[in-house]
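Everything on this sheet refers to the single structure shown next.
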Amino acid sequence: MKLAKVCTQDGSIRTGVVEDETVRLLPLGDGPVSSLTDILHSEKPIKVVEELLPKSVTVALADVRLLAPVDRQEVWAAGVTYKRSQVARMEESESGASHYDKVYSADRPELFFKGTARRMVHPGQPVRVRFDSQWSVPEPEFTLVLNPNMDIVGYTIGNDMSARDIEGENPLYLPQAKVYRQCCSVGPWIVLVDGPLQKEQVSIELTIERDGQTVCRGETSLDQLHRELEDLAGWLGRENEFPEGALLLTGTGIIPDDEFSLENGDIVTIEISNIGVLMNPVVKD
Ligand code: DO4
Ligand code: MG
């Protein structure tokens with residue numbers, strides 16, 4: 001079941017269920033379930049939605065604007081969780097290579113804050129390359145939707161935009177390489193958890209187009225992730241509180257060749273099987 005946050009033609013923000021080319025707008029009122037977050041934080045999100053569906057109103061997907069599926073959740077990310085990422089970071093950072101090597105196999109993962117919900121870029125809206133970066137890439141990441149107990153209640157797609165030159169210059173610059181305006185997009189919706197996940201069946205694909213040509217393509221599978229999803233969620237919740245819930249990007253297994261850097265006007269498309277497609281153009285001033 002795909003749960004989306006949308007802006008309708010009359011400008012109202014609604015929560016709906018995406019089915020093929022339609023969205024069934026849910027009648028969320030003043031009761032105990034009045035928002036996307038209330039659904040996500042209920043004991044049985046799918047059952048709650050099923051009870052609301054008979055009173056939903058169906059509109060065409062083409063007639064709404066998809067929004068990042070977050071209300072007040074914080075968005076965090078895990079790093080160096082795939083072999084590909086470990087190797088790339090060690091190559092880019094002379095001074096930090098051993099840190100990346102160690103964190104890949106350490107019990108404690110690398111976790112970093114990416115932004116609050118209001119900083120998230122909506123599907124179809126531009127993500128940014130910092131003007132002071134000459135080497136920036138998108139990072140296509142399978143993303144967990146967590147309730148305040150750190151239970152995984154859904155999945156979505158995240159793009160962890162990263163300035164590799166700033167990160168590589170000094171590991172202490174990581175927050176500047178990772179957190180700046182328009183540095184992260186999530187969406188296009190949340191797929192609610194409905195039984196165990198077959199990681200080997202989850203493919204992640206990245207395509208970057210420039211002037212109508214594909215300039216970068218890569219793919220991986222979630223079973224290449226070096227850590228358990230529940231384990232990552234557990235580390236995020238350790239000695240921390242998320243009363244509004246959280247999103248956790250689980251790291252990238254696809255990194256463009258070292259010669260590649262995003263340019264103004266590029267189109268980044270991330271497709272994850274069973275979730276959907278997150279597309280964003282790129283801006284660089
Ligand atoms: O430590 C650098 C960041 C790693 C990251 O974002 C990733 O592996 O996805
Ligand atoms: Mg990343």
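If you're wondering about the labels, chains in the structure tokens are A, B, ... by order shown, residues count from 1 in each chain, ligands from 1 in order shown.
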
Could you please extract the residues within 9 Å of ligand 1, counting only C-alpha atoms and all ligand atoms, and hand them back as a PyMOL selection string?
chain A and resi 77-86+88-89+99-100+103+110-112+139-141+160-162+164+167-168+171+174+177-178+249-255

Can you tell me which residues surround Gln134 (chain A) at a distance of at most 12 Å, considering only C-alpha atoms, apart from same-chain residues fewer than 5 positions away, and format the answer as a PyMOL selection string?
chain A and resi 129+162-168+177+258-264+284-285

Output file for the residues above (all heavy atoms, as a short mmCIF file (atom, residue, chain, number, x, y, z; two decimals), in the first residue's frame):
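File again-v3.cif, as written:
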```cif
data_model
loop_
_atom_site.label_atom_id
_atom_site.label_comp_id
_atom_site.auth_asym_id
_atom_site.auth_seq_id
_atom_site.Cartn_x
_atom_site.Cartn_y
_atom_site.Cartn_z
N VAL A 129 23.55 21.35 -5.95
CA VAL A 129 25.00 21.18 -5.79
C VAL A 129 25.51 22.49 -5.19
O VAL A 129 25.19 23.58 -5.72
CB VAL A 129 25.68 20.92 -7.14
CG1 VAL A 129 27.19 20.99 -7.02
CG2 VAL A 129 25.26 19.56 -7.69
N SER A 162 25.60 14.72 -1.99
CA SER A 162 26.87 14.74 -1.26
C SER A 162 27.95 15.47 -2.05
O SER A 162 28.13 15.22 -3.25
CB SER A 162 27.36 13.30 -1.04
OG SER A 162 26.39 12.56 -0.33
N ALA A 163 28.70 16.33 -1.36
CA ALA A 163 29.84 17.02 -1.97
C ALA A 163 31.09 16.21 -1.64
O ALA A 163 31.64 16.29 -0.53
CB ALA A 163 29.94 18.44 -1.42
N ARG A 164 31.54 15.41 -2.60
CA ARG A 164 32.65 14.48 -2.33
C ARG A 164 33.97 15.19 -2.09
O ARG A 164 34.82 14.71 -1.33
CB ARG A 164 32.79 13.47 -3.48
CG ARG A 164 31.62 12.52 -3.58
CD ARG A 164 31.90 11.37 -4.53
NE ARG A 164 32.96 10.50 -4.04
CZ ARG A 164 33.50 9.52 -4.76
NH1 ARG A 164 33.09 9.31 -6.01
NH2 ARG A 164 34.45 8.76 -4.25
N ASP A 165 34.17 16.35 -2.76
CA ASP A 165 35.44 17.06 -2.55
C ASP A 165 35.52 17.63 -1.14
O ASP A 165 36.57 17.60 -0.49
CB ASP A 165 35.65 18.15 -3.62
CG ASP A 165 34.43 19.01 -3.89
OD1 ASP A 165 33.37 18.77 -3.28
OD2 ASP A 165 34.54 19.93 -4.73
N ILE A 166 34.40 18.14 -0.63
CA ILE A 166 34.42 18.74 0.71
C ILE A 166 34.58 17.63 1.77
O ILE A 166 35.38 17.73 2.69
CB ILE A 166 33.14 19.57 0.93
CG1 ILE A 166 33.13 20.74 -0.08
CG2 ILE A 166 33.04 20.08 2.36
CD1 ILE A 166 31.89 21.59 -0.06
N GLU A 167 33.84 16.55 1.58
CA GLU A 167 33.94 15.40 2.48
C GLU A 167 35.35 14.81 2.46
O GLU A 167 35.92 14.44 3.49
CB GLU A 167 32.91 14.38 2.00
CG GLU A 167 32.92 13.01 2.60
CD GLU A 167 31.89 12.13 1.90
OE1 GLU A 167 30.71 12.24 2.24
OE2 GLU A 167 32.27 11.34 1.00
N GLY A 168 35.96 14.74 1.25
CA GLY A 168 37.27 14.11 1.10
C GLY A 168 38.40 14.96 1.65
O GLY A 168 39.44 14.45 2.05
N ALA A 177 29.45 18.84 3.82
CA ALA A 177 29.34 18.07 2.58
C ALA A 177 27.95 17.48 2.41
O ALA A 177 27.50 17.20 1.30
CB ALA A 177 30.38 16.95 2.57
N ASP A 258 34.78 8.33 -10.57
CA ASP A 258 35.41 9.49 -9.94
C ASP A 258 35.42 10.73 -10.84
O ASP A 258 35.46 11.86 -10.35
CB ASP A 258 36.86 9.16 -9.55
CG ASP A 258 36.89 8.25 -8.33
OD1 ASP A 258 35.81 7.97 -7.77
OD2 ASP A 258 37.99 7.83 -7.95
N GLU A 259 35.38 10.55 -12.15
CA GLU A 259 35.42 11.71 -13.07
C GLU A 259 34.07 12.43 -13.09
O GLU A 259 33.96 13.54 -13.62
CB GLU A 259 35.70 11.27 -14.52
CG GLU A 259 36.97 10.50 -14.75
CD GLU A 259 36.92 9.09 -14.16
OE1 GLU A 259 35.89 8.41 -14.37
OE2 GLU A 259 37.87 8.73 -13.45
N PHE A 260 33.04 11.80 -12.54
CA PHE A 260 31.69 12.36 -12.70
C PHE A 260 31.34 13.35 -11.59
O PHE A 260 31.52 13.08 -10.42
CB PHE A 260 30.64 11.24 -12.71
CG PHE A 260 29.25 11.78 -12.91
CD1 PHE A 260 28.77 12.01 -14.18
CD2 PHE A 260 28.46 12.14 -11.82
CE1 PHE A 260 27.51 12.57 -14.38
CE2 PHE A 260 27.20 12.70 -12.00
CZ PHE A 260 26.73 12.91 -13.28
N SER A 261 30.80 14.49 -12.00
CA SER A 261 30.20 15.42 -11.03
C SER A 261 28.91 15.97 -11.62
O SER A 261 28.81 16.19 -12.83
CB SER A 261 31.17 16.57 -10.74
OG SER A 261 30.60 17.41 -9.75
N LEU A 262 27.92 16.17 -10.77
CA LEU A 262 26.64 16.71 -11.24
C LEU A 262 26.80 18.13 -11.75
O LEU A 262 27.61 18.90 -11.24
CB LEU A 262 25.63 16.71 -10.10
CG LEU A 262 25.03 15.36 -9.70
CD1 LEU A 262 24.25 15.50 -8.40
CD2 LEU A 262 24.14 14.80 -10.81
N GLU A 263 25.97 18.47 -12.75
CA GLU A 263 25.97 19.83 -13.28
C GLU A 263 24.56 20.40 -13.25
O GLU A 263 23.58 19.64 -13.20
CB GLU A 263 26.46 19.82 -14.74
CG GLU A 263 27.96 19.62 -14.83
CD GLU A 263 28.45 19.62 -16.27
OE1 GLU A 263 27.66 19.96 -17.19
OE2 GLU A 263 29.63 19.29 -16.47
N ASN A 264 24.48 21.70 -13.32
CA ASN A 264 23.19 22.38 -13.38
C ASN A 264 22.36 21.81 -14.53
O ASN A 264 22.88 21.65 -15.64
CB ASN A 264 23.43 23.88 -13.59
CG ASN A 264 22.16 24.67 -13.48
OD1 ASN A 264 21.40 24.50 -12.52
ND2 ASN A 264 21.90 25.52 -14.45
N LYS A 284 22.65 24.26 -9.80
CA LYS A 284 23.93 24.75 -9.26
C LYS A 284 24.07 26.18 -9.74
O LYS A 284 24.01 26.43 -10.93
CB LYS A 284 25.10 23.88 -9.77
CG LYS A 284 26.43 24.35 -9.20
CD LYS A 284 27.60 23.48 -9.56
CE LYS A 284 28.84 24.02 -8.85
NZ LYS A 284 30.07 23.40 -9.24
N ASP A 285 24.21 27.12 -8.80
CA ASP A 285 24.30 28.53 -9.18
C ASP A 285 25.75 28.92 -9.46
O ASP A 285 26.67 28.37 -8.89
CB ASP A 285 23.77 29.43 -8.06
CG ASP A 285 22.30 29.16 -7.78
OD1 ASP A 285 21.59 28.73 -8.70
OD2 ASP A 285 21.88 29.38 -6.63
#
```

Which of region 120-151 of chain A end up as strand (DSSP E or B) when DSSP is run on this backbone - answer as a VMD selection string?
chain A and resid 121 127 to 128 136 to 137 140 to 146

So which residues of region 29-229 of chain A fall under alpha helix (DSSP H) by DSSP, listed as a PyMOL selection string?
chain A and resi 36-40+45-52+83-92+97-105+164-169+174-178+229

Glu200 (chain A) surroundings by only C-alpha atoms, 7 Å radius, close-in-sequence under 2 positions cut, as a VMD selection string
chain A and resid 198 202 221 to 223

Selection above as a file: C-alpha atoms, as a PDB file, in the first residue's frame:
```pdb
ATOM      1  CA  GLN A 198      13.011 -10.074   0.596  1.00  0.00           C
ATOM      2  CA  VAL A 202      14.815  -5.084  -3.950  1.00  0.00           C
ATOM      3  CA  SER A 221      20.450  -4.720  -4.699  1.00  0.00           C
ATOM      4  CA  LEU A 222      19.447  -4.238  -1.081  1.00  0.00           C
ATOM      5  CA  ASP A 223      21.034  -7.584  -0.193  1.00  0.00           C
TER       6      ASP A 223
END
```

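Residues in contact with Ser185 (chain A) at up to 6 Å, not including ones fewer than 4 positions away on its chain and judged by only C-alpha atoms, are Met120, Val121, Gly158 and Asn159 of chain A.
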
Keeping all heavy atoms for every residue in the selection just given, could you write it to a file as a JSON list (two decimals), in the first residue's frame?
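Saved result, selection-v7.json, follows:
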```
[["chain", "number", "residue", "atom", "x", "y", "z"],
["A", 120, "MET", "N", 13.18, 18.97, 3.36],
["A", 120, "MET", "CA", 13.19, 17.91, 2.35],
["A", 120, "MET", "C", 12.66, 18.43, 1.01],
["A", 120, "MET", "O", 11.63, 19.12, 0.96],
["A", 120, "MET", "CB", 12.34, 16.72, 2.81],
["A", 120, "MET", "CG", 12.94, 15.98, 3.97],
["A", 120, "MET", "SD", 14.60, 15.34, 3.59],
["A", 120, "MET", "CE", 15.62, 16.26, 4.72],
["A", 121, "VAL", "N", 13.33, 18.06, -0.06],
["A", 121, "VAL", "CA", 12.93, 18.47, -1.41],
["A", 121, "VAL", "C", 11.83, 17.52, -1.89],
["A", 121, "VAL", "O", 11.95, 16.30, -1.77],
["A", 121, "VAL", "CB", 14.15, 18.40, -2.35],
["A", 121, "VAL", "CG1", 13.73, 18.67, -3.79],
["A", 121, "VAL", "CG2", 15.23, 19.38, -1.90],
["A", 158, "GLY", "N", 15.34, 7.77, -0.86],
["A", 158, "GLY", "CA", 16.03, 9.00, -0.47],
["A", 158, "GLY", "C", 17.19, 9.29, -1.39],
["A", 158, "GLY", "O", 17.85, 8.37, -1.89],
["A", 159, "ASN", "N", 17.43, 10.57, -1.64],
["A", 159, "ASN", "CA", 18.62, 11.00, -2.39],
["A", 159, "ASN", "C", 19.48, 11.84, -1.45],
["A", 159, "ASN", "O", 19.14, 12.99, -1.14],
["A", 159, "ASN", "CB", 18.20, 11.81, -3.63],
["A", 159, "ASN", "CG", 19.42, 12.32, -4.41],
["A", 159, "ASN", "OD1", 20.56, 12.17, -3.99],
["A", 159, "ASN", "ND2", 19.15, 12.94, -5.54]]
```

Hey, what's within 10 Å of Glu271 (chain A) if we count only C-alpha atoms and toss same-chain stuff fewer than 4 positions away? As a ChimeraX atom specification, please?
/A:140-142,157,203-207,219,275-279

Include C-alpha atoms and write out the residues we just selected as a JSON list (two decimals), in the first residue's frame.
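Wrote again.json, looks like this:
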```json
[["chain", "number", "residue", "atom", "x", "y", "z"],
["A", 140, "PRO", "CA", 20.31, 6.70, -4.11],
["A", 141, "GLU", "CA", 19.25, 5.15, -0.82],
["A", 142, "PHE", "CA", 16.63, 2.73, 0.41],
["A", 157, "ILE", "CA", 13.41, 6.45, -1.54],
["A", 203, "SER", "CA", 16.78, -3.51, -6.79],
["A", 204, "ILE", "CA", 18.06, 0.08, -6.61],
["A", 205, "GLU", "CA", 18.82, 1.92, -9.84],
["A", 206, "LEU", "CA", 20.33, 5.32, -10.50],
["A", 207, "THR", "CA", 20.18, 7.15, -13.82],
["A", 219, "GLU", "CA", 22.41, -0.46, -9.96],
["A", 275, "ILE", "CA", 8.50, 1.43, -4.18],
["A", 276, "GLY", "CA", 8.62, 3.60, -7.31],
["A", 277, "VAL", "CA", 10.64, 6.39, -8.89],
["A", 278, "LEU", "CA", 12.07, 9.55, -7.32],
["A", 279, "MET", "CA", 13.12, 12.11, -9.92]]
```

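Residue nearest Thr156 (chain A), chosen from A:Gln201, A:Ser273, A:Arg227, A:Pro243 and counting only C-alpha atoms: A:Ser273.
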
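Distances to His122 (chain A) were evaluated for A:Leu67, A:Ile39, A:Val215, A:Val49 using only C-alpha atoms, and the minimum falls at A:Leu67.
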
CA of Val191 (chain A) and CA of Val23 (chain A), how far apart in Å?
13.9 Å

Near-region 32-37 of chain A list (9 Å; only C-alpha atoms; drop same-chain fewer than 5 positions) as number ranges by chain:
A: 3-5, 14-16, 27, 42, 48, 69-73, 147, 244-245

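The residue set within 7 Å of Glu209 (chain A), counting only C-alpha atoms and dropping same-chain residues fewer than 6 places from it, reads Val215, Asp266, Ile267 and Val268 of chain A.
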
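Counting only C-alpha atoms and all ligand atoms and comparing A:Leu248, A:Val18, A:Val87, A:Val6, the residue that lies closest to ligand 2 is A:Leu248.
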
CA of Trp189 (chain A) and CA of Gln213 (chain A), how far apart in Å?
27.1 Å
